[in-house]
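A.B. asks: The structure file work16.cif (mmCIF, C-alpha atoms and all ligand atoms) is provided below.
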```
data_upload
loop_
_atom_site.label_atom_id
_atom_site.label_comp_id
_atom_site.auth_asym_id
_atom_site.auth_seq_id
_atom_site.Cartn_x
_atom_site.Cartn_y
_atom_site.Cartn_z
CA MET A 1 90.90 71.21 94.38
CA LYS A 2 91.37 69.54 97.72
CA LYS A 3 90.34 71.84 100.52
CA LEU A 4 93.16 72.99 102.82
CA SER A 5 92.74 73.06 106.57
CA PRO A 6 93.18 76.53 108.15
CA PRO A 7 96.69 75.66 109.49
CA GLU A 8 97.74 74.33 106.05
CA PHE A 9 96.43 77.52 104.44
CA ALA A 10 98.19 79.72 107.00
CA ARG A 11 101.53 78.11 106.19
CA LEU A 12 101.36 79.19 102.54
CA ARG A 13 103.24 82.26 101.34
CA VAL A 14 101.39 85.52 100.88
CA LYS A 15 101.11 85.38 97.06
CA THR A 16 99.55 81.94 97.26
CA ARG A 17 97.18 82.93 100.06
CA LEU A 18 96.03 85.97 98.06
CA ASN A 19 95.39 83.64 95.13
CA LEU A 20 93.34 81.12 97.09
CA ALA A 21 91.60 83.15 99.78
CA GLY A 22 87.82 83.27 99.69
CA ARG A 23 87.21 80.86 96.87
CA ASP A 24 85.70 77.46 97.26
CA PRO A 25 84.36 76.12 93.95
CA THR A 26 81.97 73.80 95.80
CA ASP A 27 80.18 76.97 96.99
CA SER A 28 79.95 78.49 93.49
CA TYR A 29 78.63 75.68 91.32
CA GLY A 30 82.21 74.68 90.42
CA PHE A 31 83.16 78.05 88.98
CA VAL A 32 86.55 79.44 90.00
CA ASN A 33 85.28 82.67 91.50
CA PRO A 34 82.73 83.22 94.28
CA ALA A 35 79.19 83.94 93.16
CA ILE A 36 77.80 87.46 93.48
CA VAL A 37 75.04 86.95 96.00
CA ARG A 38 72.50 89.77 96.25
CA GLY A 39 69.92 89.88 98.97
CA SER A 40 68.22 91.46 101.92
CA THR A 41 65.91 88.71 103.18
CA VAL A 42 67.03 85.24 104.16
CA VAL A 43 64.22 82.69 104.49
CA TYR A 44 64.26 79.97 107.12
CA PRO A 45 62.93 76.41 106.83
CA ASN A 46 60.67 76.71 109.91
CA THR A 47 59.54 78.91 112.81
CA GLU A 48 61.90 77.38 115.32
CA ASP A 49 64.99 78.11 113.22
CA PHE A 50 63.75 81.65 112.55
CA LEU A 51 63.25 82.40 116.24
CA VAL A 52 66.89 81.55 117.03
CA ARG A 53 68.18 82.77 113.64
CA LYS A 54 69.67 79.37 112.88
CA ALA A 55 71.24 79.93 109.47
CA ARG A 56 74.67 80.44 107.93
CA TYR A 57 73.55 83.93 106.87
CA THR A 58 70.78 85.54 108.88
CA TYR A 59 69.96 88.82 107.11
CA GLY A 60 71.52 91.00 104.39
CA THR A 61 73.11 93.48 106.82
CA ASP A 62 74.67 90.68 108.89
CA GLY A 63 76.95 89.54 106.08
CA ASN A 64 76.87 87.73 102.80
CA PRO A 65 79.02 85.08 101.06
CA THR A 66 80.52 87.44 98.46
CA ILE A 67 81.57 89.87 101.18
CA ASP A 68 82.95 87.01 103.27
CA ALA A 69 85.14 85.98 100.34
CA LEU A 70 86.64 89.49 100.27
CA LEU A 71 87.09 89.45 104.05
CA ALA A 72 89.02 86.18 103.80
CA ALA A 73 91.49 87.79 101.37
CA ALA A 74 91.82 90.97 103.44
CA ASN A 75 92.28 88.97 106.65
CA THR A 76 94.99 86.80 105.24
CA ILE A 77 97.23 89.75 104.40
CA GLU A 78 96.37 91.89 107.46
CA GLY A 79 97.19 89.05 109.83
CA GLY A 80 95.00 90.42 112.63
CA ALA A 81 92.01 89.01 114.49
CA GLY A 82 89.39 90.16 111.98
CA VAL A 83 88.42 92.65 109.26
CA VAL A 84 85.24 94.56 108.45
CA VAL A 85 84.52 96.15 105.10
CA THR A 86 83.03 99.60 104.47
CA PRO A 87 81.50 101.45 101.48
CA SER A 88 84.56 103.74 101.07
CA GLY A 89 88.06 104.23 102.37
CA LEU A 90 86.89 107.34 104.18
CA MET A 91 84.20 105.31 105.94
CA ALA A 92 86.90 102.84 107.01
CA CYS A 93 88.77 105.74 108.67
CA THR A 94 85.64 107.17 110.29
CA LEU A 95 84.44 103.73 111.46
CA ALA A 96 87.79 103.19 113.20
CA PHE A 97 87.18 106.38 115.20
CA LEU A 98 83.50 105.63 115.83
CA ALA A 99 84.23 102.10 117.01
CA MET A 100 87.07 103.00 119.38
CA LEU A 101 86.18 106.43 120.81
CA SER A 102 83.43 107.73 123.08
CA SER A 103 82.18 111.12 124.13
CA GLY A 104 84.74 112.87 126.35
CA ASP A 105 87.74 111.12 124.80
CA HIS A 106 90.79 112.86 123.36
CA VAL A 107 92.53 111.69 120.19
CA LEU A 108 95.93 112.61 118.73
CA VAL A 109 95.98 112.86 114.94
CA THR A 110 99.01 113.31 112.69
CA ASP A 111 99.10 116.69 110.93
CA SER A 112 99.80 114.78 107.69
CA VAL A 113 96.47 112.94 107.88
CA TYR A 114 94.29 112.36 104.80
CA ARG A 115 92.32 115.57 104.62
CA PRO A 116 88.75 114.17 104.72
CA THR A 117 89.75 112.29 107.91
CA ARG A 118 90.80 115.65 109.39
CA ASN A 119 87.46 117.07 108.31
CA PHE A 120 85.65 114.26 110.16
CA CYS A 121 87.59 115.11 113.34
CA GLU A 122 86.66 118.79 112.95
CA THR A 123 82.97 118.14 112.41
CA PHE A 124 81.55 114.82 113.55
CA LEU A 125 84.00 114.04 116.37
CA LYS A 126 83.78 117.60 117.69
CA ARG A 127 79.98 117.32 117.71
CA MET A 128 80.24 114.05 119.64
CA GLY A 129 82.40 115.77 122.28
CA ILE A 130 85.66 114.14 121.20
CA GLU A 131 88.66 116.47 121.19
CA THR A 132 91.39 116.22 118.53
CA THR A 133 94.98 117.45 118.85
CA TYR A 134 97.13 117.41 115.70
CA TYR A 135 100.81 116.51 116.08
CA ASP A 136 103.98 116.69 114.02
CA PRO A 137 104.23 113.41 112.03
CA ALA A 138 107.95 113.27 112.98
CA ILE A 139 107.16 113.31 116.71
CA GLY A 140 108.15 109.66 117.44
CA ALA A 141 108.42 108.76 121.16
CA ASP A 142 107.67 112.39 122.14
CA ILE A 143 104.03 111.61 121.40
CA ALA A 144 103.95 110.78 125.14
CA THR A 145 104.27 114.51 125.96
CA LEU A 146 100.85 115.10 124.35
CA PHE A 147 98.93 112.44 126.27
CA LYS A 148 96.16 113.69 128.52
CA PRO A 149 94.32 111.59 131.11
CA ASN A 150 91.49 111.10 128.58
CA THR A 151 93.67 110.32 125.52
CA LYS A 152 92.22 107.17 124.00
CA ALA A 153 94.00 106.81 120.67
CA VAL A 154 96.74 108.04 118.35
CA TRP A 155 95.92 108.21 114.65
CA THR A 156 98.90 107.60 112.37
CA GLU A 157 99.40 107.55 108.62
CA ALA A 158 102.78 106.71 107.10
CA PRO A 159 103.80 108.10 104.78
CA GLY A 160 101.46 111.06 105.21
CA SER A 161 98.92 112.08 102.60
CA GLN A 162 100.40 114.34 99.92
CA THR A 163 103.58 115.25 101.84
CA PHE A 164 104.88 111.70 102.49
CA GLU A 165 106.43 112.17 105.94
CA MET A 166 107.31 108.84 107.50
CA GLN A 167 106.33 108.12 111.09
CA ASP A 168 108.25 106.12 113.68
CA ILE A 169 105.41 103.67 114.29
CA PRO A 170 107.32 101.38 116.72
CA ALA A 171 108.21 104.40 118.91
CA ILE A 172 104.61 105.67 118.86
CA VAL A 173 103.24 102.19 119.63
CA ALA A 174 105.64 101.77 122.57
CA ALA A 175 104.69 105.15 124.06
CA ALA A 176 100.97 104.60 123.49
CA HIS A 177 100.76 101.05 124.78
CA ALA A 178 102.66 102.05 127.93
CA ARG A 179 99.67 104.28 128.69
CA ASP A 180 96.89 101.97 127.39
CA VAL A 181 96.37 104.27 124.42
CA LEU A 182 95.37 102.64 121.13
CA VAL A 183 97.29 103.17 117.89
CA LEU A 184 95.18 103.49 114.75
CA MET A 185 96.78 103.65 111.33
CA ASP A 186 95.80 104.50 107.77
CA ASN A 187 98.08 101.99 106.01
CA THR A 188 96.77 102.58 102.48
CA TRP A 189 100.06 103.68 100.89
CA ALA A 190 102.08 100.57 101.75
CA THR A 191 99.19 98.09 101.89
CA PRO A 192 99.66 95.18 104.35
CA LEU A 193 101.99 93.63 101.76
CA PHE A 194 104.66 96.27 102.42
CA PHE A 195 103.94 97.31 106.01
CA ASP A 196 102.85 94.64 108.45
CA SER A 197 101.11 97.09 110.75
CA HIS A 198 99.69 94.62 113.30
CA LYS A 199 103.10 93.01 113.72
CA PHE A 200 104.39 96.48 114.62
CA GLY A 201 101.66 96.72 117.27
CA VAL A 202 99.14 98.87 115.40
CA ASP A 203 95.76 98.09 116.97
CA ILE A 204 93.42 99.16 114.20
CA SER A 205 94.65 99.25 110.60
CA VAL A 206 92.71 100.92 107.80
CA GLN A 207 92.91 100.41 104.05
CA ALA A 208 91.27 102.52 101.39
CA GLY A 209 90.62 99.42 99.26
CA THR A 210 89.64 101.86 96.53
CA LYS A 211 93.36 102.17 95.82
CA TYR A 212 95.60 99.13 95.31
CA TYR A 213 93.14 96.46 96.48
CA ALA A 214 90.58 97.27 93.79
CA GLY A 215 93.35 98.57 91.53
CA HIS A 216 91.22 99.68 88.58
CA SER A 217 89.60 102.98 89.65
CA ASP A 218 86.16 101.41 89.45
CA VAL A 219 85.24 100.74 93.10
CA LEU A 220 84.98 102.69 96.34
CA ILE A 221 85.65 100.43 99.31
CA GLY A 222 87.50 100.29 102.63
CA THR A 223 88.62 97.74 105.19
CA VAL A 224 89.34 98.00 108.90
CA SER A 225 91.40 95.32 110.60
CA ALA A 226 91.72 94.74 114.36
CA ARG A 227 94.84 93.32 116.01
CA THR A 228 93.20 91.39 118.86
CA PRO A 229 89.92 89.46 119.29
CA GLU A 230 88.71 92.06 121.87
CA LEU A 231 89.34 94.94 119.47
CA TYR A 232 87.70 93.01 116.65
CA LYS A 233 84.62 92.48 118.84
CA SER A 234 84.25 96.25 119.35
CA LEU A 235 84.94 96.97 115.70
CA ASN A 236 82.52 94.37 114.41
CA ARG A 237 79.83 95.52 116.83
CA ALA A 238 80.14 99.13 115.60
CA TRP A 239 80.08 97.95 111.98
CA HIS A 240 76.93 95.97 112.68
CA GLU A 241 75.19 98.71 114.67
CA LEU A 242 75.79 101.21 111.89
CA GLY A 243 74.42 98.91 109.18
CA LEU A 244 77.47 99.41 106.99
CA ILE A 245 76.85 96.76 104.38
CA ILE A 246 78.43 97.05 100.93
CA ALA A 247 77.22 95.89 97.55
CA PRO A 248 78.32 92.35 96.63
CA GLU A 249 79.44 93.60 93.20
CA ASP A 250 81.93 95.90 94.94
CA ALA A 251 83.18 93.01 97.07
CA PHE A 252 83.58 90.90 93.95
CA LEU A 253 85.48 93.58 92.02
CA THR A 254 87.77 94.31 94.95
CA LEU A 255 88.53 90.63 95.42
CA ARG A 256 89.30 90.35 91.71
CA GLY A 257 91.68 93.29 92.06
CA MET A 258 93.40 91.66 95.02
CA ARG A 259 94.24 88.56 92.97
CA THR A 260 96.72 90.66 90.97
CA MET A 261 97.71 93.16 93.64
CA ALA A 262 101.13 91.65 94.44
CA LEU A 263 101.91 91.50 90.72
CA ARG A 264 100.80 95.10 90.08
CA LEU A 265 102.81 96.41 93.01
CA LYS A 266 105.85 94.45 91.87
CA GLU A 267 105.65 96.43 88.61
CA GLN A 268 104.54 99.75 90.08
CA MET A 269 107.10 100.00 92.91
CA PRO A 270 110.19 100.10 90.63
CA ALA A 271 108.31 102.25 88.10
CA GLY A 272 107.50 104.80 90.81
CA LEU A 273 111.07 104.77 92.06
CA GLU A 274 112.58 105.16 88.61
CA MET A 275 110.25 108.05 87.86
CA ALA A 276 111.02 109.67 91.23
CA GLN A 277 114.75 109.38 90.53
CA TRP A 278 114.34 110.80 87.01
CA LEU A 279 112.29 113.72 88.31
CA GLY A 280 114.86 114.38 91.06
CA GLU A 281 117.55 114.91 88.41
CA ARG A 282 115.57 117.59 86.57
CA PRO A 283 116.37 121.28 87.09
CA GLU A 284 112.65 122.15 87.34
CA VAL A 285 112.28 119.90 90.43
CA ALA A 286 113.49 121.17 93.81
CA ARG A 287 112.72 118.09 95.90
CA VAL A 288 111.26 114.59 95.59
CA LEU A 289 109.05 113.27 98.42
CA HIS A 290 109.24 109.48 98.13
CA PRO A 291 110.34 107.64 101.28
CA ALA A 292 111.66 104.64 99.33
CA LEU A 293 114.08 106.85 97.38
CA PRO A 294 117.57 106.86 98.97
CA GLY A 295 118.31 110.31 100.38
CA ALA A 296 114.63 111.38 100.41
CA PRO A 297 112.99 112.46 103.70
CA GLY A 298 111.98 109.47 105.84
CA HIS A 299 114.05 106.97 103.88
CA GLU A 300 115.82 105.53 106.95
CA ILE A 301 112.52 104.72 108.68
CA TRP A 302 111.10 103.29 105.47
CA LYS A 303 114.14 101.03 105.08
CA ARG A 304 113.92 99.87 108.70
CA ASP A 305 110.18 99.08 108.84
CA PHE A 306 108.77 98.65 105.32
CA THR A 307 109.36 95.89 102.79
CA GLY A 308 108.23 97.77 99.69
CA ALA A 309 106.63 100.90 98.29
CA SER A 310 103.68 101.81 96.16
CA SER A 311 103.94 104.18 93.21
CA LEU A 312 102.49 107.34 94.79
CA PHE A 313 104.84 110.21 95.62
CA ALA A 314 105.17 113.97 95.31
CA ILE A 315 107.57 116.59 94.00
CA GLU A 316 108.22 120.19 94.92
CA LEU A 317 108.94 122.30 91.86
CA ALA A 318 111.47 125.12 91.84
CA PRO A 319 109.45 128.33 92.42
CA VAL A 320 107.21 128.96 89.41
CA SER A 321 103.74 130.44 88.83
CA MET A 322 100.58 128.31 89.09
CA LYS A 323 99.87 129.44 85.53
CA ALA A 324 103.04 127.66 84.41
CA VAL A 325 102.03 124.57 86.42
CA GLY A 326 98.66 124.67 84.66
CA ALA A 327 100.38 124.83 81.26
CA MET A 328 102.42 121.77 82.21
CA LEU A 329 99.57 119.65 83.60
CA ASP A 330 96.79 120.65 81.19
CA GLY A 331 98.71 119.39 78.15
CA LEU A 332 99.59 115.96 79.55
CA THR A 333 98.22 113.16 77.41
CA LEU A 334 98.86 110.09 79.62
CA PHE A 335 98.55 111.49 83.14
CA GLY A 336 95.02 112.30 84.19
CA ILE A 337 94.46 115.23 86.56
CA GLY A 338 92.50 113.71 89.40
CA ALA A 339 92.28 112.53 92.99
CA SER A 340 92.49 108.95 94.21
CA TRP A 341 95.20 106.55 93.06
CA GLY A 342 96.23 102.88 93.10
CA GLY A 343 94.69 102.10 89.72
CA TYR A 344 96.41 100.93 86.55
CA GLU A 345 96.56 104.48 85.17
CA SER A 346 98.89 107.37 85.91
CA LEU A 347 97.58 110.46 87.66
CA VAL A 348 98.80 113.86 88.70
CA LEU A 349 97.43 116.63 90.91
CA PRO A 350 98.65 119.92 92.35
CA PHE A 351 98.15 120.40 96.10
CA ASP A 352 98.73 123.06 98.73
CA CYS A 353 99.03 121.50 102.19
CA LYS A 354 99.80 124.87 103.81
CA ALA A 355 96.13 125.70 103.43
CA TYR A 356 95.01 123.25 106.12
CA ARG A 357 97.97 122.18 108.29
CA THR A 358 97.77 123.34 111.91
CA ALA A 359 100.58 121.63 113.90
CA THR A 360 103.38 122.05 111.36
CA THR A 361 104.27 124.43 108.54
CA PRO A 362 105.87 122.61 105.61
CA ASP A 363 108.69 124.67 104.11
CA PHE A 364 107.75 124.35 100.44
CA LYS A 365 108.91 127.32 98.35
CA GLY A 366 107.60 126.13 95.00
CA PRO A 367 104.34 124.44 93.94
CA THR A 368 103.84 120.83 95.00
CA ILE A 369 102.51 118.06 92.75
CA ARG A 370 101.50 114.49 93.56
CA LEU A 371 102.05 111.73 90.99
CA HIS A 372 100.71 108.20 90.75
CA ILE A 373 102.56 105.93 88.34
CA GLY A 374 100.37 103.36 86.63
CA LEU A 375 101.16 100.43 84.38
CA GLU A 376 101.93 102.36 81.18
CA ASP A 377 105.37 102.12 79.57
CA LEU A 378 107.72 104.27 81.64
CA ASP A 379 109.42 105.83 78.61
CA ASP A 380 106.05 107.03 77.32
CA LEU A 381 105.29 108.54 80.75
CA LYS A 382 108.68 110.28 80.85
CA ALA A 383 108.14 111.71 77.36
CA ASP A 384 104.73 113.02 78.47
CA LEU A 385 106.26 114.75 81.50
CA ASP A 386 109.27 115.95 79.50
CA ALA A 387 106.94 117.77 77.09
CA GLY A 388 105.09 119.09 80.14
CA PHE A 389 108.31 120.57 81.56
CA ALA A 390 108.92 122.28 78.21
CA ARG A 391 105.48 123.93 78.50
CA LEU A 392 106.26 124.86 82.12
CA ARG A 393 109.50 126.57 81.08
CA ALA A 394 107.82 128.34 78.17
CA ALA A 395 105.07 129.69 80.45
CA SER A 396 107.48 130.80 83.22
C1 LIG A 401 91.86 107.73 99.19
C2 LIG A 401 92.26 107.63 100.60
C3 LIG A 401 91.31 107.39 101.58
C4 LIG A 401 89.84 107.34 101.30
O1 LIG A 401 89.45 106.39 100.37
P1 LIG A 401 88.08 106.59 99.54
O2 LIG A 401 87.72 105.21 99.16
O3 LIG A 401 88.42 107.47 98.39
O4 LIG A 401 87.09 107.20 100.47
C5 LIG A 401 91.76 107.26 102.87
N1 LIG A 401 93.06 107.37 103.19
C6 LIG A 401 93.99 107.60 102.26
C7 LIG A 401 95.41 107.69 102.67
C8 LIG A 401 93.63 107.75 100.94
O5 LIG A 401 94.55 108.03 100.02
#
```
Written as structure tokens, that's how I'd like the structure from this file.
Ligand SMILES: *Cc1c(COP(=O)(O)O)cnc(C)c1O
C.D. replies:
Amino acid sequence: MKKLSPPEFARLRVKTRLNLAGRDPTDSYGFVNPAIVRGSTVVYPNTEDFLVRKARYTYGTDGNPTIDALLAAANTIEGGAGVVVTPSGLMACTLAFLAMLSSGDHVLVTDSVYRPTRNFCETFLKRMGIETTYYDPAIGADIATLFKPNTKAVWTEAPGSQTFEMQDIPAIVAAAHARDVLVLMDNTWATPLFFDSHKFGVDISVQAGTKYYAGHSDVLIGTVSARTPELYKSLNRAWHELGLIIAPEDAFLTLRGMRTMALRLKEQMPAGLEMAQWLGERPEVARVLHPALPGAPGHEIWKRDFTGASSLFAIELAPVSMKAVGAMLDGLTLFGIGASWGGYESLVLPFDCKAYRTATTPDFKGPTIRLHIGLEDLDDLKADLDAGFARLRAAS
């Protein structure tokens, strides 16, 4: 393999860049994949080199070749100035806050935010003297009405966790940047393949790599990408100061997942949409929350800004007891009941967002259920759910 220059590499299309990024067989004894390098200590050839830390890698917490290989892949699809990697998706969210905010700052957070991120704002940020105001995810340009003199950042997530509200990111970015306010985004649902967040002006973009990057429900990992070199400098400094190194095995597994990510999403997007459509036609289902589904809430924004969809969405059932929901879900044979998503397997979970929302009150009348569609045969999945609906009706 002849080595490409950075400009030659940059000209390649995204599928090819995801295939090639971070592997250089001359660095891994000729093998296709990068080596898993474990280590804390780096030894230096002499005192002089040690004193100035003259080495490609200086110490385990400063970086490592396996992690760099993952960063190359993440960077090439984020298209920003630089990425850092964290031990979980949640840590990627919390690092974004920690790197960008200081005591006395105010931050605006969408009411549809991933719940553990909300918890971090309520605990850690509060303790650090950082004030959080939650806002309606549909706020758009009116976000400007919530700015205070000390507002430093707006946290966005589109579509929102569990309830899938879309956000008008360009309108929020325009309002925020007019006031020197940063826009941070949890872009896990779309991945950079389907929403080019930095191109839309998002300053700090977070991925729970646990989901579609890793893709196999066997790794916890996160990435944070910065739009500009200045932002990357702050982000990387915070990452370094906190000592947030990850295990090289996790970097390796995530990178392996990323090699097939475009292919998995190409299969999972239409599968999710077909399932959403099928569910929407059932009498037991009151509403489908999937922004890529024509007619669903947020579809117009999705169509304008996004180039694809992942296979995670939710449904609102027609009013029915939780006992009936239990009868439906407990008997499923292909769908696991569990959190997280983005793997090859289908998942389902009931949720109640009314329990923790503060800025908005979703108008759900029936129970709400989130589904993740994996790589199983769609007809088998439909048969599993069809039998589940029969149990639901019998228990109603
Ligand atoms: C899962 C998830 C996270 C957190 O990822 P973990 O690796 O599980 O900590 C963050 N944001 C969103 C939107 C998620 O779905």
A.B. asks: Which neighbours of Pro283 of chain A fall inside 12 Å, counting all atoms listed in the file, when residues of the same chain fewer than 2 positions from it are skipped, and could you give them as a ChimeraX atom specification?
C.D. replies: /A:278-281,285-288,316-319,386,389-390,392-393
A.B. asks: Write out the residues from the selection above, keeping C-alpha atoms, as a tab-separated table (two decimals), in the frame of the given file.
C.D. replies:
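Writing done, so here's part-v6.tsv:
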```tsv
chain	number	residue	atom	x	y	z
A	278	TRP	CA	114.34	110.80	87.01
A	279	LEU	CA	112.29	113.72	88.31
A	280	GLY	CA	114.86	114.38	91.06
A	281	GLU	CA	117.55	114.91	88.41
A	285	VAL	CA	112.28	119.90	90.43
A	286	ALA	CA	113.49	121.17	93.81
A	287	ARG	CA	112.72	118.09	95.90
A	288	VAL	CA	111.26	114.59	95.59
A	316	GLU	CA	108.22	120.19	94.92
A	317	LEU	CA	108.94	122.30	91.86
A	318	ALA	CA	111.47	125.12	91.84
A	319	PRO	CA	109.45	128.33	92.42
A	386	ASP	CA	109.27	115.95	79.50
A	389	PHE	CA	108.31	120.57	81.56
A	390	ALA	CA	108.92	122.28	78.21
A	392	LEU	CA	106.26	124.86	82.12
A	393	ARG	CA	109.50	126.57	81.08
```
A.B. asks: Neighbouring residues of segment 242-253 of chain A were defined as those with any atom within 7 Å, considering all atoms listed in the file; residues of the same chain fewer than 4 positions away were excluded. Please report them as a list in words.
C.D. replies: Ile36, Val37, Arg38, Thr61, Thr66, Ile67, Leu70, Thr86, Pro87, Ala214, Val219, Ala238 and Gly257 of chain A
A.B. asks: Just how far from atom CA of Leu263 of chain A is atom CA of Ser346 of chain A, in Å to one decimal?
C.D. replies: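 Interatomic distance, atom CA of Ser346 of chain A to atom CA of Leu263 of chain A: 16.9 Å.
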A.B. asks: Per residue of chain A within 9 Å of ligand LIG 401 (chain A), record the nearest atom pair and its distance in Å to one decimal, counting only C-alpha atoms and all ligand atoms, with rows in chain order and ascending residue number, as JSON lines.
C.D. replies:
```
{"residue": "A:Pro87", "atom": "CA", "partner": "A:LIG401", "partner_atom": "O2", "distance": 7.6}
{"residue": "A:Ser88", "atom": "CA", "partner": "A:LIG401", "partner_atom": "O2", "distance": 4.0}
{"residue": "A:Gly89", "atom": "CA", "partner": "A:LIG401", "partner_atom": "O1", "distance": 3.3}
{"residue": "A:Leu90", "atom": "CA", "partner": "A:LIG401", "partner_atom": "O4", "distance": 3.7}
{"residue": "A:Met91", "atom": "CA", "partner": "A:LIG401", "partner_atom": "O4", "distance": 6.5}
{"residue": "A:Ala92", "atom": "CA", "partner": "A:LIG401", "partner_atom": "C5", "distance": 7.8}
{"residue": "A:Cys93", "atom": "CA", "partner": "A:LIG401", "partner_atom": "C5", "distance": 6.7}
{"residue": "A:Val113", "atom": "CA", "partner": "A:LIG401", "partner_atom": "C7", "distance": 7.5}
{"residue": "A:Tyr114", "atom": "CA", "partner": "A:LIG401", "partner_atom": "C7", "distance": 5.3}
{"residue": "A:Arg115", "atom": "CA", "partner": "A:LIG401", "partner_atom": "N1", "distance": 8.4}
{"residue": "A:Pro116", "atom": "CA", "partner": "A:LIG401", "partner_atom": "C4", "distance": 7.7}
{"residue": "A:Thr117", "atom": "CA", "partner": "A:LIG401", "partner_atom": "C5", "distance": 7.4}
{"residue": "A:Glu157", "atom": "CA", "partner": "A:LIG401", "partner_atom": "C7", "distance": 7.2}
{"residue": "A:Ala158", "atom": "CA", "partner": "A:LIG401", "partner_atom": "C7", "distance": 8.7}
{"residue": "A:Pro159", "atom": "CA", "partner": "A:LIG401", "partner_atom": "C7", "distance": 8.7}
{"residue": "A:Gly160", "atom": "CA", "partner": "A:LIG401", "partner_atom": "C7", "distance": 7.4}
{"residue": "A:Ser161", "atom": "CA", "partner": "A:LIG401", "partner_atom": "C7", "distance": 5.6}
{"residue": "A:Gln162", "atom": "CA", "partner": "A:LIG401", "partner_atom": "O5", "distance": 8.6}
{"residue": "A:Asp186", "atom": "CA", "partner": "A:LIG401", "partner_atom": "C7", "distance": 6.0}
{"residue": "A:Asn187", "atom": "CA", "partner": "A:LIG401", "partner_atom": "C7", "distance": 7.1}
{"residue": "A:Thr188", "atom": "CA", "partner": "A:LIG401", "partner_atom": "C7", "distance": 5.3}
{"residue": "A:Trp189", "atom": "CA", "partner": "A:LIG401", "partner_atom": "C7", "distance": 6.4}
{"residue": "A:Val206", "atom": "CA", "partner": "A:LIG401", "partner_atom": "N1", "distance": 7.9}
{"residue": "A:Gln207", "atom": "CA", "partner": "A:LIG401", "partner_atom": "N1", "distance": 7.0}
{"residue": "A:Ala208", "atom": "CA", "partner": "A:LIG401", "partner_atom": "O1", "distance": 4.4}
{"residue": "A:Gly209", "atom": "CA", "partner": "A:LIG401", "partner_atom": "O2", "distance": 6.5}
{"residue": "A:Thr210", "atom": "CA", "partner": "A:LIG401", "partner_atom": "O2", "distance": 4.7}
{"residue": "A:Lys211", "atom": "CA", "partner": "A:LIG401", "partner_atom": "C1", "distance": 6.7}
{"residue": "A:Val219", "atom": "CA", "partner": "A:LIG401", "partner_atom": "O2", "distance": 7.9}
{"residue": "A:Leu220", "atom": "CA", "partner": "A:LIG401", "partner_atom": "O2", "distance": 4.7}
{"residue": "A:Ile221", "atom": "CA", "partner": "A:LIG401", "partner_atom": "O2", "distance": 5.2}
{"residue": "A:Gly222", "atom": "CA", "partner": "A:LIG401", "partner_atom": "O2", "distance": 6.0}
{"residue": "A:Ala339", "atom": "CA", "partner": "A:LIG401", "partner_atom": "C1", "distance": 7.9}
{"residue": "A:Ser340", "atom": "CA", "partner": "A:LIG401", "partner_atom": "C1", "distance": 5.2}
{"residue": "A:Trp341", "atom": "CA", "partner": "A:LIG401", "partner_atom": "C1", "distance": 7.1}
{"residue": "A:Gly342", "atom": "CA", "partner": "A:LIG401", "partner_atom": "O5", "distance": 8.8}
```
A.B. asks: Atom CA of Ala262 of chain A to atom CA of Pro34 of chain A: how many Å, to one decimal?
C.D. replies: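 Separation of atom CA of Ala262 of chain A and atom CA of Pro34 of chain A: 20.2 Å.
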A.B. asks: Please, which residues in segment 248-349 of chain A fall within 10 Å of segment 20-29 of chain A when counting only C-alpha atoms, and what is the closest atom pair and distance in Å to one decimal for each, ordered by chain then residue number, as JSON lines?
C.D. replies:
```
{"residue": "A:Leu255", "atom": "CA", "partner": "A:Gly22", "partner_atom": "CA", "distance": 8.5}
{"residue": "A:Met258", "atom": "CA", "partner": "A:Ala21", "partner_atom": "CA", "distance": 9.9}
{"residue": "A:Arg259", "atom": "CA", "partner": "A:Leu20", "partner_atom": "CA", "distance": 8.6}
```
A.B. asks: One decimal, in Å: what's the spacing between atom CA of Asp105 of chain A and atom CA of Ala176 of chain A?
C.D. replies: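 Between atom CA of Asp105 of chain A and atom CA of Ala176 of chain A the gap works out to 14.8 Å.
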A.B. asks: Set the distance at 10 Å and use all atoms listed in the file: which residues neighbour Leu385 of chain A once local chain neighbours fewer than 6 positions away are removed? I'd like the list as number ranges by chain.
C.D. replies: A: 279, 328-329, 331-335, 379, 391
A.B. asks: With only C-alpha atoms as the basis for distance, which of A:Arg357, A:Lys152, A:Arg179, A:Arg227 is at the shortest distance from Ser197 of chain A?
C.D. replies: A:Arg227
A.B. asks: Quick one: of A:Glu241, A:Thr151, A:Thr163, A:Gly326, who's nearest to Asp363 of chain A, counting only C-alpha atoms?
C.D. replies: A:Thr163
A.B. asks: Can you tell me, as JSON, the centre and edge lengths (Å, one decimal) of the axis-aligned box enclosing all of segment 314-333 of chain A's listed atoms after padding each side by 8 Å?
C.D. replies:
```
{"center_x": 104.1, "center_y": 121.8, "center_z": 86.4, "size_x": 30.7, "size_y": 33.3, "size_z": 33.9}
```
A.B. asks: Calculated over all atoms listed in the file, which of the candidates A:Leu18, A:Val348, A:Met261, A:Ile169 has the smallest distance to Leu371 of chain A?
C.D. replies: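 The closest residue to Leu371 of chain A is A:Val348.
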A.B. asks: Could you check the closest approach to Asn75 of chain A for each of A:Thr223, A:Asn33, A:Ser234, A:Ser396 and tell me which residue wins, using all atoms listed in the file?
C.D. replies: A:Thr223
A.B. asks: Considering all atoms listed in the file, return as a list in words whatever protein or nucleic-acid residues lie within 12 Å of Glu300 of chain A, sequence-local ones (same chain, fewer than 5 positions apart) excluded.
C.D. replies: Glu165, Met166, Gln167, Asp168, His290, Pro291, Ala292, Leu293, Pro294, Gly295, Asp305 and Phe306 of chain A
